[in-house]
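Asker: File name coords.cif; file contents mmCIF, C-alpha atoms; full text below.
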```
data_data
loop_
_atom_site.label_atom_id
_atom_site.label_comp_id
_atom_site.auth_asym_id
_atom_site.auth_seq_id
_atom_site.Cartn_x
_atom_site.Cartn_y
_atom_site.Cartn_z
CA MET A 1 113.82 131.76 162.91
CA THR A 2 111.70 131.23 159.89
CA VAL A 3 112.73 128.51 157.54
CA LEU A 4 112.79 130.23 154.20
CA PHE A 5 113.31 127.03 152.26
CA PRO A 6 111.89 123.91 153.89
CA LYS A 7 113.93 120.79 153.71
CA TRP A 8 112.05 119.24 150.77
CA THR A 9 113.26 122.05 148.53
CA ASN A 10 116.70 120.47 148.65
CA LYS A 11 115.45 117.92 146.14
CA LEU A 12 113.62 120.45 143.94
CA PRO A 13 116.47 121.11 141.49
CA ALA A 14 116.87 117.39 140.91
CA TRP A 15 113.11 116.95 140.27
CA LEU A 16 113.05 119.96 137.99
CA ALA A 17 116.01 118.65 136.05
CA LEU A 18 114.35 115.24 135.75
CA GLY A 19 111.09 116.85 134.63
CA ALA A 20 112.85 119.00 132.07
CA ALA A 21 114.72 115.99 130.74
CA ALA A 22 111.51 113.97 130.49
CA THR A 23 109.72 116.84 128.76
CA GLY A 24 112.61 117.27 126.36
CA LEU A 25 112.66 113.59 125.57
CA PHE A 26 108.89 113.59 125.03
CA VAL A 27 109.11 116.59 122.68
CA VAL A 28 111.86 114.92 120.65
CA LEU A 29 109.98 111.63 120.42
CA ALA A 30 106.67 113.39 119.73
CA VAL A 31 108.13 115.43 116.86
CA ASN A 32 109.85 112.32 115.56
CA TYR A 33 106.58 110.40 115.63
CA TRP A 34 103.85 112.90 114.86
CA PHE A 35 105.66 115.38 112.60
CA SER A 36 107.06 112.61 110.39
CA PRO A 37 105.54 112.18 106.94
CA ARG A 38 104.98 108.57 107.99
CA HIS A 39 102.29 110.02 110.23
CA THR A 40 101.20 113.20 108.44
CA ASP A 41 101.13 111.89 104.85
CA VAL A 42 100.69 108.10 104.93
CA GLY A 43 97.05 107.08 104.89
CA TYR A 44 95.78 110.02 102.83
CA GLN A 45 92.74 108.59 101.10
CA PRO A 46 90.70 111.39 99.54
CA PHE A 47 87.24 110.86 98.09
CA GLN A 48 87.29 110.81 94.32
CA PRO A 49 84.55 112.47 92.25
CA ILE A 50 83.42 109.07 90.95
CA GLU A 51 83.61 105.70 92.66
CA TYR A 52 86.26 104.05 90.52
CA SER A 53 87.65 100.85 91.98
CA HIS A 54 91.22 99.89 91.14
CA LYS A 55 90.62 96.52 92.78
CA LEU A 56 87.85 95.72 90.31
CA HIS A 57 89.64 96.93 87.18
CA VAL A 58 93.17 95.74 87.95
CA ASP A 59 92.81 92.77 90.29
CA LEU A 60 89.62 91.20 88.98
CA LEU A 61 89.69 92.27 85.32
CA GLY A 62 93.47 92.27 84.88
CA MET A 63 93.92 95.68 83.27
CA ASP A 64 97.39 97.18 83.07
CA CYS A 65 98.13 100.49 84.83
CA ARG A 66 99.27 101.98 81.54
CA TYR A 67 95.87 101.53 79.91
CA CYS A 68 94.72 104.65 81.75
CA HIS A 69 97.93 106.20 83.14
CA ARG A 70 99.27 106.49 79.66
CA ASN A 71 102.14 108.95 79.81
CA VAL A 72 103.99 107.16 82.58
CA GLU A 73 106.64 105.76 80.21
CA THR A 74 107.40 108.97 78.37
CA GLY A 75 106.71 111.86 80.71
CA PRO A 76 107.15 113.03 84.27
CA HIS A 77 103.50 112.39 85.13
CA ALA A 78 101.49 109.18 85.19
CA THR A 79 98.56 111.17 83.85
CA VAL A 80 95.08 110.47 85.14
CA PRO A 81 92.56 109.48 82.46
CA ASP A 82 89.91 111.62 80.82
CA ALA A 83 86.28 110.49 80.53
CA ASP A 84 86.99 109.42 76.94
CA THR A 85 89.15 106.59 78.29
CA CYS A 86 86.26 105.38 80.45
CA TRP A 87 83.85 105.54 77.54
CA GLY A 88 86.10 103.57 75.24
CA CYS A 89 84.99 100.45 77.09
CA HIS A 90 81.86 101.62 78.89
CA ALA A 91 80.08 102.54 75.69
CA GLN A 92 79.69 98.73 75.48
CA VAL A 93 80.38 97.37 78.94
CA LYS A 94 78.05 97.84 81.96
CA LYS A 95 76.16 100.61 80.16
CA ASP A 96 73.33 100.60 82.74
CA SER A 97 75.52 100.79 85.82
CA LYS A 98 74.43 103.26 88.49
CA LEU A 99 78.00 104.46 88.94
CA LEU A 100 78.28 105.22 85.23
CA ALA A 101 75.09 107.28 85.41
CA GLU A 102 76.91 109.34 88.02
CA LEU A 103 79.83 109.78 85.60
CA VAL A 104 77.46 110.95 82.83
CA ALA A 105 75.67 113.33 85.15
CA LYS A 106 78.88 114.97 86.31
CA TYR A 107 81.19 114.80 83.33
CA GLY A 108 79.17 113.84 80.24
CA ASN A 109 79.99 110.91 78.02
CA GLY A 110 83.45 111.60 76.71
CA LYS A 111 82.76 114.33 74.16
CA ALA A 112 85.49 116.88 73.59
CA ASP A 113 83.61 119.80 75.12
CA ASN A 114 82.62 117.89 78.28
CA PRO A 115 84.18 119.02 81.56
CA SER A 116 87.28 117.19 82.77
CA ILE A 117 86.97 114.62 85.55
CA GLU A 118 88.24 116.40 88.64
CA TRP A 119 90.30 113.55 90.10
CA THR A 120 91.77 114.33 93.50
CA LYS A 121 95.53 113.90 93.46
CA VAL A 122 96.56 111.40 96.13
CA HIS A 123 100.35 111.33 95.95
CA LEU A 124 101.45 114.88 96.57
CA LEU A 125 104.99 116.20 96.45
CA PRO A 126 106.14 119.69 97.41
CA ASP A 127 106.08 122.05 94.43
CA PHE A 128 109.87 122.34 94.47
CA THR A 129 110.30 118.60 93.84
CA TYR A 130 110.37 117.45 90.23
CA PHE A 131 109.72 113.73 90.22
CA ASP A 132 109.85 111.98 86.83
CA HIS A 133 107.91 108.75 86.39
CA SER A 134 109.51 107.86 83.05
CA VAL A 135 113.08 107.42 84.33
CA HIS A 136 111.84 105.18 87.11
CA VAL A 137 109.78 103.06 84.73
CA ARG A 138 112.77 102.82 82.35
CA ALA A 139 114.91 101.57 85.25
CA ASN A 140 112.06 99.08 85.87
CA VAL A 141 111.23 100.25 89.36
CA GLY A 142 107.82 98.77 90.03
CA CYS A 143 104.71 100.89 90.59
CA THR A 144 104.18 99.11 93.91
CA SER A 145 107.51 100.39 95.28
CA CYS A 146 106.00 103.84 95.78
CA HIS A 147 102.25 103.31 95.41
CA GLY A 148 101.75 99.99 97.20
CA ARG A 149 99.24 97.38 96.13
CA VAL A 150 96.88 99.72 94.30
CA ASP A 151 95.25 96.62 92.80
CA GLN A 152 93.95 95.80 96.28
CA MET A 153 92.50 99.27 96.92
CA GLU A 154 88.87 100.22 96.37
CA ILE A 155 89.81 103.84 97.03
CA VAL A 156 93.46 104.71 96.47
CA ARG A 157 95.42 105.76 99.52
CA GLN A 158 99.01 106.77 100.13
CA VAL A 159 101.06 103.98 101.70
CA GLU A 160 104.59 105.40 101.57
CA PRO A 161 105.73 108.69 103.16
CA LEU A 162 107.10 110.14 99.86
CA SER A 163 109.51 112.17 101.96
CA MET A 164 113.02 113.11 100.85
CA GLY A 165 114.63 110.72 103.31
CA TRP A 166 112.46 107.94 101.96
CA CYS A 167 113.42 108.79 98.36
CA LEU A 168 117.10 108.79 99.32
CA ASP A 169 116.80 105.46 101.13
CA CYS A 170 115.95 103.89 97.80
CA HIS A 171 118.38 105.98 95.72
CA ARG A 172 121.19 104.76 97.99
CA ASP A 173 120.07 101.12 97.92
CA PRO A 174 117.73 100.60 94.98
CA ALA A 175 118.44 96.91 94.35
CA PRO A 176 115.32 95.55 96.13
CA HIS A 177 113.13 97.79 93.96
CA VAL A 178 114.74 97.29 90.55
CA ARG A 179 112.97 94.50 88.70
CA PRO A 180 114.63 92.17 86.22
CA PRO A 181 114.05 93.08 82.54
CA GLY A 182 111.40 90.39 82.01
CA VAL A 183 109.10 91.62 84.79
CA PRO A 184 106.92 94.60 83.86
CA ALA A 185 107.00 97.53 86.27
CA THR A 186 103.20 97.35 86.37
CA ARG A 187 103.01 93.80 87.72
CA MET A 188 101.43 94.15 91.12
CA ASP A 189 102.26 90.91 92.92
CA TRP A 190 106.01 90.84 92.27
CA VAL A 191 108.28 90.69 95.30
CA PRO A 192 112.09 90.88 95.16
CA THR A 193 114.08 87.67 95.45
CA ALA A 194 117.71 87.15 96.44
CA GLU A 195 118.52 86.60 92.73
CA SER A 196 116.70 89.74 91.58
CA ILE A 197 118.50 91.81 94.21
CA ALA A 198 121.88 90.36 93.23
CA ALA A 199 121.14 90.95 89.52
CA ALA A 200 120.08 94.54 90.21
CA GLN A 201 123.18 95.07 92.33
CA ARG A 202 125.36 94.06 89.37
CA ARG A 203 123.63 96.67 87.21
CA LEU A 204 124.45 99.29 89.85
CA GLU A 205 128.18 98.59 89.93
CA TRP A 206 131.11 99.10 87.59
CA GLN A 207 131.73 96.01 85.49
CA GLY A 208 135.41 96.34 84.64
CA ASP A 209 135.65 99.47 82.54
CA THR A 210 131.91 99.64 81.92
CA PRO A 211 130.12 102.24 84.02
CA PRO A 212 127.06 101.12 85.97
CA GLU A 213 123.94 100.69 83.91
CA LEU A 214 121.85 102.28 86.63
CA ASN A 215 123.06 105.27 88.56
CA PRO A 216 120.40 106.76 90.82
CA PRO A 217 121.49 110.30 91.68
CA THR A 218 121.62 111.50 95.27
CA HIS A 219 122.58 115.13 94.58
CA CYS A 220 120.17 118.00 95.16
CA SER A 221 119.56 118.98 91.56
CA ALA A 222 118.36 115.49 90.67
CA CYS A 223 114.97 116.48 92.01
CA HIS A 224 115.25 120.19 92.91
CA ARG A 225 115.87 122.78 90.22
CA MET S 1 50.97 120.52 127.98
CA GLN S 2 52.97 118.16 129.96
CA ARG S 3 56.55 117.68 129.01
CA THR S 4 57.75 114.16 129.00
CA ARG S 5 60.99 113.65 130.69
CA PRO S 6 63.59 112.27 128.35
CA THR S 7 64.12 108.69 129.27
CA LEU S 8 67.63 107.85 130.13
CA ARG S 9 69.16 105.02 128.21
CA PRO S 10 69.67 102.13 130.58
CA GLY S 11 73.00 102.38 132.23
CA ALA S 12 73.76 105.87 130.96
CA GLY S 13 75.63 107.84 133.57
CA SER S 14 76.28 104.84 135.71
CA GLY S 15 79.88 104.49 136.79
CA SER S 16 81.02 101.47 134.82
CA SER S 17 79.44 102.69 131.56
CA SER S 18 80.91 106.17 131.69
CA LEU S 19 84.27 104.63 132.45
CA ARG S 20 83.86 102.40 129.43
CA ARG S 21 82.85 105.38 127.34
CA LEU S 22 85.85 107.32 128.55
CA ALA S 23 88.05 104.38 127.67
CA ALA S 24 86.47 104.19 124.19
CA VAL S 25 86.97 107.92 123.62
CA LEU S 26 90.56 107.66 124.80
CA ALA S 27 91.22 104.64 122.61
CA LEU S 28 89.65 106.40 119.61
CA SER S 29 91.57 109.63 120.06
CA LEU S 30 94.74 107.65 120.63
CA ALA S 31 94.05 105.61 117.48
CA GLY S 32 93.56 108.87 115.61
CA CYS S 33 96.94 109.97 116.87
CA MET S 34 98.72 106.78 115.87
CA ARG S 35 100.13 105.91 112.50
CA GLY S 36 98.39 103.52 110.20
CA GLY S 37 94.94 105.06 109.87
CA THR S 38 93.41 106.68 106.81
CA SER S 39 92.13 110.21 106.38
CA GLU S 40 90.23 112.08 103.71
CA LEU S 41 91.93 115.29 104.79
CA PRO S 42 95.05 116.32 102.87
CA PRO S 43 98.37 115.86 104.67
CA VAL S 44 99.27 118.48 107.25
CA HIS S 45 102.41 120.41 106.35
CA VAL S 46 104.22 121.06 109.60
CA VAL S 47 106.78 123.28 107.88
CA LEU S 48 105.42 125.00 104.78
CA ASP S 49 108.71 125.87 103.07
CA MET S 50 107.63 126.47 99.46
CA ASP S 51 105.46 123.37 99.26
CA PHE S 52 102.64 125.28 97.61
CA GLN S 53 103.64 127.57 94.76
CA PRO S 54 101.21 129.58 92.66
CA LYS S 55 102.16 127.92 89.39
CA LEU S 56 100.36 125.79 86.83
CA LYS S 57 100.88 122.09 87.32
CA ALA S 58 100.16 119.20 84.98
CA GLN S 59 96.45 118.33 84.78
CA ALA S 60 95.62 120.92 87.41
CA ALA S 61 92.84 123.49 87.30
CA SER S 62 93.45 127.13 86.50
CA GLY S 63 91.51 130.08 87.80
CA PHE S 64 92.49 132.30 84.86
CA PRO S 65 89.28 134.05 83.76
CA GLY S 66 90.21 133.81 80.05
CA TRP S 67 89.90 130.04 80.22
CA PRO S 68 86.26 129.36 81.12
CA ASP S 69 86.71 125.57 81.06
CA GLY S 70 89.11 125.93 83.99
CA ARG S 71 91.75 123.64 82.53
CA GLY S 72 95.35 124.51 83.22
CA MET S 73 96.54 122.42 80.26
CA ARG S 74 95.35 124.03 77.05
CA LEU S 75 94.19 122.44 73.82
CA PRO S 76 95.95 123.54 70.62
CA VAL S 77 94.62 126.82 69.26
CA ALA S 78 91.92 126.05 66.69
CA ASP S 79 91.28 127.72 63.37
CA SER S 80 87.85 129.00 62.31
CA ASN S 81 86.80 125.44 61.36
CA GLY S 82 87.63 124.07 64.78
CA ARG S 83 90.68 122.18 63.55
CA PRO S 84 93.98 122.61 65.42
CA ALA S 85 95.89 125.51 63.88
CA VAL S 86 99.16 124.79 65.67
CA VAL S 87 101.16 121.64 66.33
CA ALA S 88 102.43 120.90 69.81
CA ARG S 89 106.17 120.31 70.01
CA GLY S 90 107.04 116.71 69.13
CA THR S 91 103.62 115.87 67.70
CA LEU S 92 104.13 116.80 64.04
CA PRO S 93 103.12 113.68 62.06
CA ASP S 94 106.17 111.89 60.65
CA PRO S 95 105.58 111.25 56.91
CA VAL S 96 107.70 108.09 57.14
CA LEU S 97 105.26 106.64 59.65
CA ALA S 98 102.14 107.53 57.61
CA ASN S 99 99.77 104.66 56.96
CA ARG S 100 98.57 106.01 53.61
CA GLY S 101 100.71 106.45 50.52
CA ALA S 102 100.82 109.45 48.18
CA ASP S 103 97.75 108.02 46.39
CA ASP S 104 95.84 108.04 49.73
CA GLN S 105 95.68 104.23 49.65
CA PHE S 106 96.64 102.18 52.69
CA VAL S 107 100.23 101.02 52.64
CA ASN S 108 100.84 97.29 52.84
CA ARG S 109 104.33 97.59 54.22
CA ASN S 110 105.20 98.38 57.79
CA PRO S 111 107.72 101.27 57.66
CA VAL S 112 109.28 100.27 61.00
CA PRO S 113 111.92 97.51 60.73
CA PRO S 114 110.86 94.37 62.68
CA THR S 115 113.74 94.22 65.13
CA ALA S 116 113.58 92.28 68.39
CA ALA S 117 113.19 95.54 70.32
CA VAL S 118 110.29 96.64 68.10
CA LEU S 119 108.54 93.29 68.51
CA GLN S 120 109.08 93.45 72.26
CA ARG S 121 107.60 96.95 72.32
CA GLY S 122 104.72 95.76 70.17
CA ARG S 123 104.05 92.93 72.58
CA GLU S 124 104.12 95.29 75.57
CA GLN S 125 101.71 97.74 73.97
CA PHE S 126 99.48 94.90 72.69
CA ASP S 127 99.28 93.41 76.19
CA VAL S 128 98.44 96.79 77.72
CA HIS S 129 95.89 98.11 75.25
CA CYS S 130 94.64 95.28 73.02
CA ALA S 131 94.69 92.12 75.12
CA ILE S 132 91.82 93.10 77.42
CA CYS S 133 89.47 92.56 74.44
CA HIS S 134 91.41 90.61 71.81
CA GLY S 135 93.16 88.33 74.33
CA TYR S 136 96.90 87.87 74.71
CA SER S 137 96.79 85.50 71.73
CA GLY S 138 94.72 87.85 69.54
CA GLN S 139 91.95 85.28 69.14
CA GLY S 140 89.18 87.53 70.48
CA GLY S 141 85.74 85.98 70.79
CA ASN S 142 82.86 86.77 73.12
CA ASP S 143 81.90 83.44 74.64
CA PRO S 144 82.16 83.03 78.45
CA GLN S 145 84.01 79.74 77.91
CA THR S 146 85.96 80.14 74.70
CA GLY S 147 86.49 83.91 74.60
CA HIS S 148 90.10 84.96 74.88
CA GLY S 149 89.82 88.57 76.05
CA MET S 150 88.57 89.61 79.46
CA THR S 151 85.85 91.80 77.91
CA GLY S 152 84.48 89.14 75.58
CA ARG S 153 84.35 86.51 78.30
CA ARG S 154 82.14 88.71 80.46
CA TRP S 155 80.10 90.83 78.10
CA PRO S 156 78.55 90.13 74.69
CA VAL S 157 80.81 92.51 72.79
CA LYS S 158 81.65 91.26 69.30
CA ILE S 159 85.44 90.87 69.07
CA PRO S 160 87.03 89.41 65.93
CA SER S 161 90.10 87.18 65.82
CA PHE S 162 93.34 88.24 64.13
CA HIS S 163 93.98 84.66 63.09
CA PHE S 164 93.22 82.94 59.80
CA ALA S 165 90.28 80.59 59.93
CA THR S 166 89.82 77.57 57.65
CA GLY S 167 86.76 75.63 56.59
CA GLU S 168 83.27 76.46 55.29
CA GLY S 169 82.31 80.11 55.42
CA ALA S 170 85.53 81.16 57.15
CA ASP S 171 85.67 84.95 57.37
CA ASN S 172 89.25 86.09 56.98
CA ARG S 173 88.50 89.78 56.49
CA VAL S 174 90.28 90.88 59.67
CA PRO S 175 93.47 88.78 59.30
CA ASN S 176 93.65 89.90 55.67
CA LEU S 177 93.63 93.62 56.51
CA LEU S 178 96.63 95.51 55.17
CA ASP S 179 99.26 96.81 57.58
CA GLY S 180 98.08 100.35 56.92
CA GLU S 181 94.49 99.38 57.66
CA LEU S 182 95.42 97.79 61.02
CA PHE S 183 97.26 101.03 61.83
CA GLU S 184 94.14 102.96 60.88
CA VAL S 185 91.89 100.86 63.14
CA ILE S 186 94.27 101.31 66.10
CA ALA S 187 94.33 105.07 65.54
CA ASN S 188 90.64 105.70 64.88
CA GLY S 189 88.80 102.63 66.12
CA LYS S 190 86.19 100.63 64.24
CA GLY S 191 82.70 99.52 65.17
CA THR S 192 82.67 98.94 68.92
CA MET S 193 86.42 99.46 69.25
CA PRO S 194 87.42 102.88 70.58
CA ALA S 195 90.11 105.01 68.95
CA TYR S 196 93.56 104.60 70.45
CA GLY S 197 95.20 107.37 68.43
CA ALA S 198 95.49 109.63 71.46
CA ARG S 199 97.06 106.87 73.57
CA ILE S 200 99.37 104.93 71.25
CA VAL S 201 101.94 106.92 69.26
CA PRO S 202 102.43 106.02 65.55
CA ALA S 203 105.72 104.16 66.11
CA ASP S 204 104.05 101.99 68.74
CA ARG S 205 101.07 101.37 66.44
CA TRP S 206 103.45 99.97 63.84
CA ALA S 207 105.14 97.89 66.54
CA ILE S 208 101.73 96.45 67.46
CA VAL S 209 101.08 95.67 63.77
CA HIS S 210 104.37 93.76 63.68
CA TYR S 211 103.39 91.86 66.80
CA VAL S 212 99.95 91.00 65.40
CA ARG S 213 101.66 89.64 62.26
CA ALA S 214 103.99 87.59 64.48
CA LEU S 215 100.97 86.17 66.35
CA GLN S 216 99.38 85.28 63.01
CA ARG S 217 102.52 83.48 61.85
CA LEU S 218 102.52 81.45 65.06
CA SER S 219 99.04 80.11 64.39
CA LYS S 220 99.54 79.35 60.70
#
```
Since I need it in another form, could you write the structure as structure tokens?
Answerer:
Amino acid sequence: MTVLFPKWTNKLPAWLALGAAATGLFVVLAVNYWFSPRHTDVGYQPFQPIEYSHKLHVDLLGMDCRYCHRNVETGPHATVPDADTCWGCHAQVKKDSKLLAELVAKYGNGKADNPSIEWTKVHLLPDFTYFDHSVHVRANVGCTSCHGRVDQMEIVRQVEPLSMGWCLDCHRDPAPHVRPPGVPATRMDWVPTAESIAAAQRRLEWQGDTPPELNPPTHCSACHR
Amino acid sequence: MQRTRPTLRPGAGSGSSSLRRLAAVLALSLAGCMRGGTSELPPVHVVLDMDFQPKLKAQAASGFPGWPDGRGMRLPVADSNGRPAVVARGTLPDPVLANRGADDQFVNRNPVPPTAAVLQRGREQFDVHCAICHGYSGQGGNDPQTGHGMTGRRWPVKIPSFHFATGEGADNRVPNLLDGELFEVIANGKGTMPAYGARIVPADRWAIVHYVRALQRLSK
């Protein structure tokens, strides 16, 4: 009599089940790891059309973010500067720099009819997300909370995932990111302390009959219209 | 013509080296797969949803053929003399905040009341825009040792002080400027100083003038 199924096939279903389980687990973990914005988005560091160093201008020279990103307090966008902003200083300072020659060659010297500097946007959101810088600056959420230590970057890169879950993490527990009124949002080396967190927490809660001073929304239409 | 045989690099193809190379390639590809690296390539969108919509975004380029400069954000329509013929919403000059009177002379009175909030705002804006040259104290100067602003300490740019000087030949032209003149210099620049009119709104210019006056009172 022929043995249609040899004896080892008795264990086949168990091995198959184990294999399927392992594959399933791997797929889940792989999607969790490699499809996450912490992997796909963090670390994006595009080349910019000119070699502008934030480390030089902010860390060494002590310039404020708002000198160039001027609409951050009043509008949704922390606008990137035009060449005119560069030339305000560089008409006097480091006139003979090689990097400035590159700026002149590509974008002229700040005259109205010169082409715009084609900065590459680093921090990208989906087009159905309407982030507003001004409300965050008014609540005194520091620049570093979302952008990291830009003052330590020669070329700016994305350090936070900027995903919806990440936004909501902070909107549900913003206290570590809300700075006390005396600390400018643009200060780069500030880190939260137990006191600052406690003070921020008070501003997020009802004080008797007074509604909370800060009330970060977590509903859909806060960011999606 | 005799072909020379390409010389093999020492060790190439030998077992240990190729193993090492394989290990290096594996480590590299694994490192590329792990989090924490940087990339010049834009983020991969695993699910597209409506992440990319064909709409104009702030400061983005436009492919519309009627706009040869390619800018998505348009300048105000100009008249035949090249001056803006329309006013963007919210940018109509407020006559109360004008720095020249009806006689076209500079006003010597700041139209914004000097409240604590205004002074605080003036200080903020001064520290952002003015202090890099004039110093946080407004004393200016262009000496590597005694200069007060970052620019003057490093480069020989002439930067005046806002403070009153005493003694022989003291030049108090700058501290004696009228409020309206200070406003004018912030808006349109003067000498080596660039114009800040496009960056600092009129109310903030007046706040800065208040703050400069407060700095002057401190030093008197």
Asker: Nearest to chain S among A:Gly24, A:Pro184, A:Gly19, A:Pro216, with distances taken over all atoms listed in the file: which residue is it?
Answerer: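 Closest to chain S of all the choices is A:Pro184.
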Asker: Could you tell me which residues the PyMOL selection byres ((chain A) within 7 of (chain S)) returns for this structure, as a PDB file with C-alpha atoms, in the frame of the given file?
Answerer:
```
ATOM      1  CA  PHE A  35     105.660 115.380 112.600  1.00  0.00           C
ATOM      2  CA  HIS A  39     102.290 110.020 110.230  1.00  0.00           C
ATOM      3  CA  THR A  40     101.200 113.200 108.440  1.00  0.00           C
ATOM      4  CA  ASP A  41     101.130 111.890 104.850  1.00  0.00           C
ATOM      5  CA  GLY A  43      97.050 107.080 104.890  1.00  0.00           C
ATOM      6  CA  TYR A  44      95.780 110.020 102.830  1.00  0.00           C
ATOM      7  CA  GLN A  45      92.740 108.590 101.100  1.00  0.00           C
ATOM      8  CA  PRO A  46      90.700 111.390  99.540  1.00  0.00           C
ATOM      9  CA  PHE A  47      87.240 110.860  98.090  1.00  0.00           C
ATOM     10  CA  LEU A  61      89.690  92.270  85.320  1.00  0.00           C
ATOM     11  CA  MET A  63      93.920  95.680  83.270  1.00  0.00           C
ATOM     12  CA  ASP A  64      97.390  97.180  83.070  1.00  0.00           C
ATOM     13  CA  ARG A  66      99.270 101.980  81.540  1.00  0.00           C
ATOM     14  CA  TYR A  67      95.870 101.530  79.910  1.00  0.00           C
ATOM     15  CA  ARG A  70      99.270 106.490  79.660  1.00  0.00           C
ATOM     16  CA  GLY A  88      86.100 103.570  75.240  1.00  0.00           C
ATOM     17  CA  GLN A  92      79.690  98.730  75.480  1.00  0.00           C
ATOM     18  CA  VAL A  93      80.380  97.370  78.940  1.00  0.00           C
ATOM     19  CA  PRO A 126     106.140 119.690  97.410  1.00  0.00           C
ATOM     20  CA  ASP A 127     106.080 122.050  94.430  1.00  0.00           C
ATOM     21  CA  PHE A 128     109.870 122.340  94.470  1.00  0.00           C
TER      22      PHE A 128
END
```
Asker: Residues at most 9 Å from Ala200 in chain A, counting all atoms listed in the file, excluding those fewer than 6 positions away in the same chain, as a ChimeraX atom specification?
Answerer: /A:174-180,214
Asker: Please indicate the distance in Å from CA of Glu73 in chain A to CA of Ile159 in chain S, rounded to one decimal place.
Answerer: 28.2 Å
Asker: For CA of Ser62 in chain S and CA of Ser134 in chain A, quote the distance in Å rounded to one decimal.
Answerer: 25.3 Å
Asker: Do you have the CA of Leu99 in chain A-CA of His54 in chain A distance handy?
Answerer: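 Going from CA of Leu99 in chain A over to CA of His54 in chain A covers 14.2 Å.
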Asker: Go through the shown structure with the PyMOL selection byres ((chain A and resi 149-151) around 6) and write out the matching residues as JSON, numbers by chain.
Answerer: {"A": [54, 55, 58, 59, 144, 148, 152, 153]}
Asker: Do a neighbour search on Cys143 in chain A at 7 Å with all atoms listed in the file, toss out local chain neighbours closer than 2 positions, and write the hits as a list of chain:residue names.
Answerer: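 Within the cut-off, the hits are A:Val141, A:Ser145, A:Cys146, A:His147, A:Ala185, A:Thr186.
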